[in-house]
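Shown next: start.csv, given as CSV, C-alpha atoms.
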chain,number,residue,atom,x,y,z
A,344,MET,CA,0.0,0.0,0.0
A,345,GLU,CA,1.5,3.4,-1.0
A,346,SER,CA,2.0,6.1,1.5
A,347,ARG,CA,1.1,9.8,1.4
A,348,TYR,CA,1.6,12.7,3.8
A,349,PHE,CA,-1.1,14.8,5.4
A,350,LEU,CA,-0.7,17.2,8.3
A,351,MET,CA,1.7,15.0,10.3
A,352,GLU,CA,5.5,15.1,10.5
A,353,PRO,CA,7.9,12.2,11.0
A,354,GLY,CA,8.1,11.2,14.6
A,355,GLU,CA,4.6,12.6,15.5
A,356,SER,CA,2.0,10.5,17.3
A,357,LEU,CA,-1.6,11.0,16.5
A,358,ILE,CA,-2.2,10.9,20.3
A,359,GLY,CA,-1.5,13.9,22.4
A,360,PRO,CA,-2.2,17.6,22.4
A,361,ARG,CA,-1.0,20.5,20.4
A,362,ASP,CA,-1.0,23.9,21.8
A,363,PRO,CA,-4.0,26.2,20.9
A,364,ASP,CA,-2.1,28.1,18.2
A,365,GLN,CA,-1.0,24.9,16.5
A,366,MET,CA,-4.4,23.3,16.8
A,367,SER,CA,-6.0,26.3,15.2
A,368,GLY,CA,-3.6,26.1,12.3
A,369,ILE,CA,-4.1,22.4,11.9
A,370,MET,CA,-7.8,22.9,11.9
A,371,ALA,CA,-7.7,25.6,9.2
A,372,GLU,CA,-5.4,23.5,7.0
A,373,PHE,CA,-7.6,20.4,7.5
A,374,LEU,CA,-10.7,22.3,6.4
A,375,ASP,CA,-9.0,23.8,3.5
A,376,GLU,CA,-7.5,20.6,2.2
A,377,THR,CA,-10.6,18.5,2.7
A,378,GLY,CA,-13.4,20.9,1.9
A,379,LEU,CA,-15.3,19.9,5.0
A,380,GLU,CA,-17.2,22.4,7.1
A,381,PRO,CA,-16.2,23.1,10.8
A,382,ASP,CA,-19.3,21.4,12.1
A,383,GLU,CA,-18.4,18.2,10.1
A,384,VAL,CA,-15.2,17.7,12.1
A,385,ALA,CA,-14.4,17.1,15.8
A,386,TRP,CA,-11.2,18.4,17.4
A,387,SER,CA,-9.9,17.6,20.8
A,388,TYR,CA,-6.7,18.1,22.8
A,389,PHE,CA,-6.5,14.4,23.1
A,390,ALA,CA,-5.6,14.1,19.5
A,391,SER,CA,-3.1,15.8,17.1
A,392,LEU,CA,-5.5,16.4,14.3
A,393,PRO,CA,-9.2,16.9,13.7
A,394,ILE,CA,-11.4,13.9,13.0
A,395,PRO,CA,-14.3,13.9,10.6
A,396,ARG,CA,-17.7,13.4,12.1
A,397,TYR,CA,-19.7,10.6,10.3
A,398,PRO,CA,-23.4,11.3,10.1
A,399,ALA,CA,-26.1,8.7,10.6
A,400,GLU,CA,-26.8,8.9,6.9
A,401,TRP,CA,-25.0,10.6,4.1
A,402,PRO,CA,-26.7,13.7,2.4
A,403,LEU,CA,-29.4,12.6,0.0
A,404,GLY,CA,-28.0,11.1,-3.2
A,405,ARG,CA,-24.3,11.3,-2.0
A,406,ASN,CA,-21.7,8.8,-0.8
A,407,ARG,CA,-19.8,11.2,1.5
A,408,TRP,CA,-19.9,14.7,2.9
A,409,ALA,CA,-21.3,17.4,0.5
A,410,GLY,CA,-18.1,19.4,0.1
A,411,ILE,CA,-15.3,16.9,0.5
A,412,LYS,CA,-12.7,17.1,-2.3
A,413,PRO,CA,-11.9,14.0,-4.4
A,414,GLU,CA,-8.2,14.7,-3.9
A,415,VAL,CA,-8.3,13.6,-0.3
A,416,MET,CA,-10.4,10.4,-0.7
A,417,TRP,CA,-7.2,8.4,-0.6
A,418,HIS,CA,-7.0,9.1,3.1
A,419,PRO,CA,-8.1,6.3,5.6
A,420,LEU,CA,-9.9,8.9,7.8
A,421,PHE,CA,-12.6,9.0,5.1
A,422,TRP,CA,-13.1,5.2,5.0
A,423,LEU,CA,-13.6,4.4,8.6
A,424,PRO,CA,-15.8,1.3,9.3
A,425,ASP,CA,-18.9,1.9,11.5
A,426,ARG,CA,-17.3,0.6,14.7
A,427,VAL,CA,-14.5,3.2,14.4
A,428,ALA,CA,-16.5,6.0,12.9
A,429,GLY,CA,-19.3,5.8,15.5
A,430,ARG,CA,-19.1,6.5,19.2
A,431,TYR,CA,-19.9,3.6,21.5
A,432,VAL,CA,-23.1,3.5,23.4
A,433,PHE,CA,-22.9,1.9,26.9
A,434,VAL,CA,-25.9,0.4,28.6
A,435,ASP,CA,-25.7,-0.3,32.3
A,436,SER,CA,-27.6,-2.9,34.3
A,437,ASN,CA,-30.5,-0.5,34.8
A,438,GLY,CA,-30.9,0.1,31.1
A,439,ASN,CA,-29.4,3.6,31.2
A,440,ARG,CA,-27.5,4.6,28.1
A,441,SER,CA,-24.4,6.8,27.9
A,442,ARG,CA,-22.4,7.7,24.9
A,443,GLU,CA,-18.6,7.5,24.4
A,444,ASP,CA,-17.1,10.9,25.3
A,445,LEU,CA,-16.1,13.0,22.3
A,446,ASP,CA,-12.5,13.4,23.5
A,447,ASP,CA,-12.3,9.6,24.1
A,448,TRP,CA,-13.6,8.9,20.7
A,449,THR,CA,-11.0,11.1,18.9
A,450,ALA,CA,-8.3,9.4,20.9
A,451,ARG,CA,-9.6,6.0,20.1
A,452,VAL,CA,-9.8,6.8,16.4
A,453,CYS,CA,-6.2,7.8,16.4
A,454,LEU,CA,-5.2,4.7,18.3
A,455,GLU,CA,-7.2,2.5,15.9
A,456,LEU,CA,-5.5,4.1,12.9
A,457,THR,CA,-2.1,3.6,14.3
A,458,ASN,CA,-2.7,0.1,15.5
A,459,ALA,CA,-4.1,-0.9,12.1
A,460,GLY,CA,-0.9,0.3,10.4
A,461,LEU,CA,-2.7,3.0,8.4
A,462,TYR,CA,-0.6,5.7,10.0
A,463,ASN,CA,3.1,5.3,10.6
A,464,PRO,CA,4.4,7.6,13.4
A,465,GLU,CA,8.0,7.1,12.4
A,466,THR,CA,7.5,8.5,8.9
A,467,GLY,CA,4.4,10.6,9.4
A,468,GLY,CA,2.9,8.8,6.4
A,469,TRP,CA,-0.6,7.5,5.8
A,470,SER,CA,-1.7,4.5,3.8
A,471,ASP,CA,-3.2,5.4,0.4
A,472,ILE,CA,-6.4,3.4,0.5
A,473,LEU,CA,-7.3,3.9,-3.1
A,474,SER,CA,-3.9,2.8,-4.5
A,475,VAL,CA,-4.6,-0.8,-3.5
A,476,HIS,CA,-7.6,-0.7,-5.8
A,477,GLY,CA,-5.7,0.8,-8.8
A,478,ILE,CA,-7.1,4.3,-8.3
A,479,ASP,CA,-4.6,7.2,-8.5
A,480,ILE,CA,-5.6,10.6,-7.3
A,481,GLU,CA,-2.9,12.1,-9.5
A,482,ASN,CA,-4.8,10.8,-12.6
A,483,PRO,CA,-7.4,13.3,-13.7
A,484,ASN,CA,-9.7,10.5,-15.0
A,485,ASP,CA,-9.6,8.8,-11.6
A,486,LEU,CA,-10.3,12.1,-9.9
A,487,GLU,CA,-13.3,12.5,-12.1
A,488,ARG,CA,-14.4,9.0,-11.3
A,489,ILE,CA,-14.1,9.7,-7.5
A,490,GLN,CA,-16.1,12.9,-7.9
A,491,GLU,CA,-18.9,11.1,-9.7
A,492,TRP,CA,-19.0,8.5,-7.0
A,493,LEU,CA,-19.1,11.2,-4.3
A,494,ASP,CA,-22.0,12.8,-6.1
A,495,GLY,CA,-23.9,9.5,-5.9
A,496,ALA,CA,-22.9,7.4,-8.9
A,497,GLN,CA,-22.4,3.7,-8.4
A,498,ASP,CA,-18.9,2.3,-8.7
A,499,ASP,CA,-18.1,-1.4,-8.3
A,500,VAL,CA,-14.8,-0.7,-6.7
A,501,LEU,CA,-15.5,2.4,-4.5
A,502,ASP,CA,-18.8,0.9,-3.3
A,503,ASN,CA,-17.1,-2.1,-1.9
A,504,ILE,CA,-14.1,-0.6,-0.1
A,505,ASN,CA,-14.3,-1.8,3.5
A,506,LEU,CA,-11.5,-1.4,6.0
A,507,GLU,CA,-13.2,-3.4,8.8
A,508,LYS,CA,-10.5,-6.2,8.6
A,509,ASP,CA,-7.7,-3.7,8.9
A,510,PHE,CA,-9.1,-2.4,12.2
A,511,THR,CA,-9.9,-5.8,13.7
A,512,VAL,CA,-7.9,-6.7,16.7
A,513,GLU,CA,-7.9,-10.5,17.1
A,514,ASP,CA,-9.9,-11.8,20.0
A,515,ASP,CA,-10.8,-8.3,21.3
A,516,PRO,CA,-12.4,-5.8,18.9
A,517,HIS,CA,-12.8,-3.3,21.8
A,518,LEU,CA,-9.1,-3.2,22.8
A,519,MET,CA,-8.6,0.4,21.9
A,520,LEU,CA,-11.6,1.4,23.8
A,521,ASP,CA,-10.0,-0.2,26.9
A,522,VAL,CA,-6.7,1.5,26.2
A,523,VAL,CA,-8.3,4.9,26.0
A,524,SER,CA,-10.3,4.3,29.1
A,525,SER,CA,-7.2,3.3,31.0
A,526,ALA,CA,-5.2,6.2,29.8
A,527,ARG,CA,-7.9,8.9,30.0
A,528,ASP,CA,-6.7,10.6,33.1
A,529,ASP,CA,-3.2,10.8,31.7
A,530,LEU,CA,-4.5,12.1,28.3
A,531,GLN,CA,-6.5,14.7,30.1
A,532,ALA,CA,-3.5,15.7,32.2
A,533,ALA,CA,-1.4,16.1,29.0
A,534,ALA,CA,-4.0,18.3,27.4
A,535,TRP,CA,-4.2,20.5,30.5
A,536,LEU,CA,-0.5,20.7,30.8
A,537,CYS,CA,-0.2,21.8,27.1
A,538,VAL,CA,-2.9,24.4,27.4
A,539,SER,CA,-1.7,25.8,30.7
A,540,ALA,CA,1.9,26.1,29.3
A,541,ALA,CA,0.7,28.0,26.2
A,542,ALA,CA,-1.6,30.2,28.3
A,543,GLU,CA,1.2,31.0,30.8
A,544,GLN,CA,3.6,32.0,28.0
A,545,GLY,CA,0.9,33.9,26.1
A,546,LEU,CA,-0.1,35.9,29.2
A,547,GLY,CA,3.5,36.6,30.0
A,548,ALA,CA,4.1,38.0,26.5
A,549,VAL,CA,1.2,40.4,26.8
A,550,ILE,CA,2.4,41.6,30.3
A,551,GLU,CA,5.9,42.3,28.8
A,552,SER,CA,4.4,44.0,25.7
A,553,GLU,CA,3.5,47.6,25.1
A,554,VAL,CA,-0.2,47.1,24.2
A,555,PRO,CA,-2.7,49.4,25.8
A,556,ALA,CA,-4.8,48.3,28.8
A,557,SER,CA,-7.9,47.5,26.8
A,558,GLU,CA,-6.1,45.1,24.6
A,559,ARG,CA,-4.5,43.5,27.6
A,560,VAL,CA,-7.9,42.7,29.0
A,561,GLN,CA,-9.0,41.4,25.6
A,562,PHE,CA,-6.1,39.0,25.6
A,563,ALA,CA,-7.0,37.9,29.1
A,564,SER,CA,-10.6,37.2,28.0
A,565,MET,CA,-9.3,35.2,25.0
A,566,TRP,CA,-7.1,33.0,27.1
A,567,ALA,CA,-9.9,32.6,29.7
A,568,SER,CA,-12.2,31.3,27.0
A,569,ILE,CA,-9.5,28.9,25.6
A,570,VAL,CA,-8.8,27.6,29.1
A,571,ALA,CA,-12.5,27.2,29.9
A,572,GLU,CA,-13.1,25.1,26.8
A,573,ALA,CA,-10.0,22.9,27.1
A,574,MET,CA,-10.0,22.4,30.9
A,575,HIS,CA,-13.7,22.5,31.9
A,576,GLU,CA,-13.2,19.4,34.0
A,577,GLU,CA,-10.2,20.7,35.9
A,578,PRO,CA,-11.3,20.8,39.6
A,579,ASP,CA,-9.7,24.1,40.5
A,580,LEU,CA,-10.7,26.0,37.4
A,581,PRO,CA,-14.1,27.3,38.7
A,582,ALA,CA,-12.5,29.0,41.7
A,583,MET,CA,-9.8,30.4,39.5
A,584,SER,CA,-12.3,31.8,37.0
A,585,ALA,CA,-14.4,33.3,39.8
A,586,LYS,CA,-11.2,35.1,41.0
A,587,TRP,CA,-10.5,36.4,37.6
A,588,ASP,CA,-14.0,37.7,37.3
A,589,ARG,CA,-13.7,39.6,40.6
A,590,ILE,CA,-10.4,41.2,39.5
A,591,TYR,CA,-12.0,42.2,36.2
A,592,ASP,CA,-15.0,43.7,37.9
A,593,GLN,CA,-12.6,45.9,39.9
A,594,TRP,CA,-10.6,47.0,36.9
A,595,THR,CA,-10.9,50.8,36.2
A,596,GLY,CA,-9.4,50.8,32.8
A,597,ASP,CA,-5.7,51.3,33.8
A,598,THR,CA,-2.7,49.3,32.6
A,599,GLU,CA,-1.7,48.4,36.2
A,600,GLY,CA,-5.1,46.9,36.9
A,601,ALA,CA,-5.1,45.0,33.6
A,602,ASN,CA,-1.7,43.5,34.6
A,603,VAL,CA,-3.1,42.4,37.9
A,604,LEU,CA,-5.6,40.3,36.0
A,605,LEU,CA,-3.0,38.9,33.6
A,606,GLU,CA,-0.5,38.1,36.4
A,607,ALA,CA,-3.2,36.3,38.4
A,608,MET,CA,-4.1,34.2,35.5
A,609,GLN,CA,-0.5,33.5,34.7
A,610,GLU,CA,0.2,32.3,38.3
A,611,ASP,CA,-2.8,30.0,38.1
A,612,MET,CA,-1.6,28.5,34.8
A,613,LYS,CA,1.8,27.9,36.4
A,614,ALA,CA,0.1,26.1,39.3
A,615,ILE,CA,-1.9,23.9,36.9
A,616,TYR,CA,1.2,23.2,34.9
A,617,ALA,CA,3.2,22.1,37.9
A,618,ARG,CA,0.4,19.9,39.1
A,619,TYR,CA,0.3,17.8,36.0
A,620,ASN,CA,3.9,17.9,34.8
A,621,SER,CA,5.1,14.8,36.6
A,622,ARG,CA,2.2,12.7,35.4
A,623,VAL,CA,2.7,13.7,31.8
A,624,GLU,CA,6.4,12.9,31.9
A,625,GLU,CA,5.4,9.3,33.0
A,626,LEU,CA,2.8,9.2,30.2
A,627,ALA,CA,5.4,10.3,27.6
A,628,GLU,CA,7.7,7.5,28.6
A,629,ALA,CA,4.8,5.0,28.3
A,630,PHE,CA,3.9,6.0,24.8
A,631,ALA,CA,7.6,6.2,23.8
A,632,SER,CA,7.8,2.5,24.5
A,633,GLU,CA,5.1,2.0,21.8
A,634,GLU,CA,3.7,-0.9,23.8
A,635,LEU,CA,-0.1,-1.5,24.0
A,636,PRO,CA,-1.7,-4.1,26.2
A,637,LYS,CA,-1.2,-7.6,24.7
A,638,ASP,CA,-4.6,-8.8,26.0
A,639,SER,CA,-7.7,-7.3,27.5
A,640,THR,CA,-11.1,-8.3,28.7
A,641,ASP,CA,-14.2,-6.7,27.6
A,642,PRO,CA,-15.8,-5.0,30.7
A,643,PHE,CA,-18.9,-4.1,28.8
A,644,GLY,CA,-20.1,-7.6,27.8
A,645,GLU,CA,-22.8,-7.6,25.2
A,646,SER,CA,-24.2,-4.2,26.3
A,647,LEU,CA,-22.1,-2.3,23.8
A,648,ALA,CA,-22.9,-0.8,20.5
A,649,TRP,CA,-21.9,2.3,18.5
A,650,GLU,CA,-23.8,5.0,16.6
Please re-express this file's structure in structure tokens.
Amino acid sequence: MESRYFLMEPGESLIGPRDPDQMSGIMAEFLDETGLEPDEVAWSYFASLPIPRYPAEWPLGRNRWAGIKPEVMWHPLFWLPDRVAGRYVFVDSNGNRSREDLDDWTARVCLELTNAGLYNPETGGWSDILSVHGIDIENPNDLERIQEWLDGAQDDVLDNINLEKDFTVEDDPHLMLDVVSSARDDLQAAAWLCVSAAAEQGLGAVIESEVPASERVQFASMWASIVAEAMHEEPDLPAMSAKWDRIYDQWTGDTEGANVLLEAMQEDMKAIYARYNSRVEELAEAFASEELPKDSTDPFGESLAWE
């Protein structure tokens, strides 16, 4: 199977966070390259790139998303089997249903892709799914064929591409679900560490800059929003946010008061960074070993599905 390159660099894992600036850039590039809309992709600090959201049904008369470009249809992200493309639904002993967390799902997709050999973290290369079937995206005739299929035409080859076997883990199809569940706290810590470090540096840069007071407060508000989205489960964040609000309410429009807010936020980000740094160092060592569990039991029994 031929390899192509898309967004990733040699040595990069699909698992793990990027800082907010990097993630914003990756998202913009992903949307531009694929033609997808922002609401058609999911992004999480658990993963290094956005993941396309698969709808319950494709738009009427089509075989994929409405705006996707034929040039990217070689990529395995756009051929995920149902078990990988969908989020698991768990049913407890009382019949209560809960859905796989979006962050967990993005991490699982990344692990599934790597474990299936469709992404190579050493080279940063992805398997070209279409090349196996004699379809070359560099060939204008093949691109036209792909576009016609995307628009709803039948195609004996494209209609029957199925990667289910590539993603099958012998004796345990839910192995990657277990891996993510076991590593969730560490993945979350890595995300919070990354965001807190970026926020601390960004706030510090504003403090040292010559920008007026009003812009300083705007930067503080921007970072508060980024932190709130990325770390909404961090236990100390509500108290920190309340403190920032109190400082802002007392601000009289002066630079000194704006810096009080920025410095308070910066100190809180340093505290969060210090709290999770040792855990993330241990996680980095674990992933560097490239070892996944050799066996696993399915804790969900038969009460497990995806949608």
Residues near region 594-603 of chain A, cut-off 12 Å, all atoms listed in the file, skip fewer than 6 positions along chain, as a PDB file with C-alpha atoms, in the coordinates of the input:
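Writing done, so here's part.pdb:
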ATOM      1  CA  LEU A 546      -0.100  35.900  29.200  1.00  0.00           C
ATOM      2  CA  GLY A 547       3.500  36.600  30.000  1.00  0.00           C
ATOM      3  CA  ALA A 548       4.100  38.000  26.500  1.00  0.00           C
ATOM      4  CA  VAL A 549       1.200  40.400  26.800  1.00  0.00           C
ATOM      5  CA  ILE A 550       2.400  41.600  30.300  1.00  0.00           C
ATOM      6  CA  GLU A 551       5.900  42.300  28.800  1.00  0.00           C
ATOM      7  CA  SER A 552       4.400  44.000  25.700  1.00  0.00           C
ATOM      8  CA  GLU A 553       3.500  47.600  25.100  1.00  0.00           C
ATOM      9  CA  VAL A 554      -0.200  47.100  24.200  1.00  0.00           C
ATOM     10  CA  PRO A 555      -2.700  49.400  25.800  1.00  0.00           C
ATOM     11  CA  ALA A 556      -4.800  48.300  28.800  1.00  0.00           C
ATOM     12  CA  SER A 557      -7.900  47.500  26.800  1.00  0.00           C
ATOM     13  CA  GLU A 558      -6.100  45.100  24.600  1.00  0.00           C
ATOM     14  CA  ARG A 559      -4.500  43.500  27.600  1.00  0.00           C
ATOM     15  CA  VAL A 560      -7.900  42.700  29.000  1.00  0.00           C
ATOM     16  CA  GLN A 561      -9.000  41.400  25.600  1.00  0.00           C
ATOM     17  CA  PHE A 562      -6.100  39.000  25.600  1.00  0.00           C
ATOM     18  CA  ALA A 563      -7.000  37.900  29.100  1.00  0.00           C
ATOM     19  CA  SER A 564     -10.600  37.200  28.000  1.00  0.00           C
ATOM     20  CA  LYS A 586     -11.200  35.100  41.000  1.00  0.00           C
ATOM     21  CA  TRP A 587     -10.500  36.400  37.600  1.00  0.00           C
ATOM     22  CA  ASP A 588     -14.000  37.700  37.300  1.00  0.00           C
ATOM     23  CA  GLN A 609      -0.500  33.500  34.700  1.00  0.00           C
ATOM     24  CA  GLU A 610       0.200  32.300  38.300  1.00  0.00           C
TER      25      GLU A 610
END
- Item | Interatomic distance, CA of Asp375 (chain A) to CA of Leu350 (chain A) (Å, one decimal) |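 Taking CA of Asp375 (chain A) as the start and CA of Leu350 (chain A) as the end point, the length is 11.6 Å.
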- Note on the structure: One residue among A:Val415, A:Leu403, A:Ala533, A:Leu520 is nearest to Thr449 (chain A) when using only C-alpha atoms, and that residue is A:Leu520
Can you build me a table of region 461-556 of chain A residues sitting at most 7 Å from region 620-623 of chain A, with the closest atom pair per residue and its distance in Å to one decimal, using only C-alpha atoms, sorted by chain and residue number, as a tab-separated table?
residue	atom	partner	partner_atom	distance
A:Asp529	CA	A:Val623	CA	6.6
A:Ala532	CA	A:Val623	CA	6.5
A:Ala533	CA	A:Val623	CA	5.5
A:Leu536	CA	A:Asn620	CA	6.6
- What is the CA of Ser568 (chain A)-CA of Leu580 (chain A) distance in Å, reported with one decimal?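 Computing it gives 11.8 Å between the two atoms.
Picture a line from CA of Trp422 (chain A) to CA of Ile504 (chain A); it runs 7.8 Å.
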- Task: List every protein, DNA or RNA residue that has an atom no more than 12 Å from (7.9, 11.1, 13.4) in the file's coordinate frame, counting only C-alpha atoms, and report them as an MDAnalysis selection string.
- Result: chainID A and resid 348 350:357 462:469 631
- Query: Do you know which residues lie at most 6 Å from (-6.3, 29.3, 22.6), with coordinates as in the file and all atoms listed in the file counted, and could you write them as an MDAnalysis selection string?
  - Reply: chainID A and resid 363 566 569
- For Trp417 (chain A), which residue out of A:Gly477, A:Pro516, A:Gly429, A:Gly545 is the nearest one, using all atoms listed in the file?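 Smallest distance to Trp417 (chain A) is found for A:Gly477.
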- Looking at only C-alpha atoms, which of A:Ala614, A:Val452, A:Met608, A:Met574 is the one that sits closest to Arg426 (chain A)? A:Val452
- Using only C-alpha atoms, find the one residue out of A:Trp386, A:Asp494, A:Glu481, A:Pro360 that sits nearest to Ile411 (chain A).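 Smallest distance to Ile411 (chain A) is found for A:Asp494.
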- Message: I'd like the contact shell of Val538 (chain A) - 12 Å cut-off, only C-alpha atoms, skipping same-chain residues fewer than 3 positions apart - returned as number ranges by chain.
- Response: A: 359-366, 387-389, 531-535, 541-546, 566-575, 577, 609, 612-613, 615-616, 619-620
Long-range neighbours of region 457-460 of chain A as a PDB file with C-alpha atoms, keeping the file's coordinate frame, 12 Å cut-off, all atoms listed in the file, 4 positions minimum in chain:
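around.pdb written:
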ATOM      1  CA  MET A 344       0.000   0.000   0.000  1.00  0.00           C
ATOM      2  CA  SER A 346       2.000   6.100   1.500  1.00  0.00           C
ATOM      3  CA  GLU A 355       4.600  12.600  15.500  1.00  0.00           C
ATOM      4  CA  SER A 356       2.000  10.500  17.300  1.00  0.00           C
ATOM      5  CA  LEU A 357      -1.600  11.000  16.500  1.00  0.00           C
ATOM      6  CA  ILE A 358      -2.200  10.900  20.300  1.00  0.00           C
ATOM      7  CA  PRO A 419      -8.100   6.300   5.600  1.00  0.00           C
ATOM      8  CA  LEU A 420      -9.900   8.900   7.800  1.00  0.00           C
ATOM      9  CA  LEU A 423     -13.600   4.400   8.600  1.00  0.00           C
ATOM     10  CA  VAL A 427     -14.500   3.200  14.400  1.00  0.00           C
ATOM     11  CA  ALA A 450      -8.300   9.400  20.900  1.00  0.00           C
ATOM     12  CA  ARG A 451      -9.600   6.000  20.100  1.00  0.00           C
ATOM     13  CA  VAL A 452      -9.800   6.800  16.400  1.00  0.00           C
ATOM     14  CA  CYS A 453      -6.200   7.800  16.400  1.00  0.00           C
ATOM     15  CA  PRO A 464       4.400   7.600  13.400  1.00  0.00           C
ATOM     16  CA  GLU A 465       8.000   7.100  12.400  1.00  0.00           C
ATOM     17  CA  THR A 466       7.500   8.500   8.900  1.00  0.00           C
ATOM     18  CA  GLY A 467       4.400  10.600   9.400  1.00  0.00           C
ATOM     19  CA  GLY A 468       2.900   8.800   6.400  1.00  0.00           C
ATOM     20  CA  TRP A 469      -0.600   7.500   5.800  1.00  0.00           C
ATOM     21  CA  SER A 470      -1.700   4.500   3.800  1.00  0.00           C
ATOM     22  CA  ASP A 471      -3.200   5.400   0.400  1.00  0.00           C
ATOM     23  CA  ILE A 472      -6.400   3.400   0.500  1.00  0.00           C
ATOM     24  CA  LEU A 506     -11.500  -1.400   6.000  1.00  0.00           C
ATOM     25  CA  GLU A 507     -13.200  -3.400   8.800  1.00  0.00           C
ATOM     26  CA  LYS A 508     -10.500  -6.200   8.600  1.00  0.00           C
ATOM     27  CA  ASP A 509      -7.700  -3.700   8.900  1.00  0.00           C
ATOM     28  CA  PHE A 510      -9.100  -2.400  12.200  1.00  0.00           C
ATOM     29  CA  THR A 511      -9.900  -5.800  13.700  1.00  0.00           C
ATOM     30  CA  VAL A 512      -7.900  -6.700  16.700  1.00  0.00           C
ATOM     31  CA  GLU A 513      -7.900 -10.500  17.100  1.00  0.00           C
ATOM     32  CA  PRO A 516     -12.400  -5.800  18.900  1.00  0.00           C
ATOM     33  CA  LEU A 518      -9.100  -3.200  22.800  1.00  0.00           C
ATOM     34  CA  MET A 519      -8.600   0.400  21.900  1.00  0.00           C
ATOM     35  CA  VAL A 522      -6.700   1.500  26.200  1.00  0.00           C
ATOM     36  CA  GLU A 633       5.100   2.000  21.800  1.00  0.00           C
ATOM     37  CA  GLU A 634       3.700  -0.900  23.800  1.00  0.00           C
ATOM     38  CA  LEU A 635      -0.100  -1.500  24.000  1.00  0.00           C
ATOM     39  CA  PRO A 636      -1.700  -4.100  26.200  1.00  0.00           C
TER      40      PRO A 636
END
- Query: Which one is closest to Glu576 (chain A): A:Asp528, A:Ile590, A:Val432, A:Leu379? Count all atoms listed in the file.
  - Reply: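 Residue with the minimum atom-to-atom distance to Glu576 (chain A): A:Asp528.
Using only C-alpha atoms for every distance, the candidate list A:Glu380, A:Glu345, A:Asp515, A:Glu624 yields A:Glu345 as the residue closest to Ile480 (chain A).
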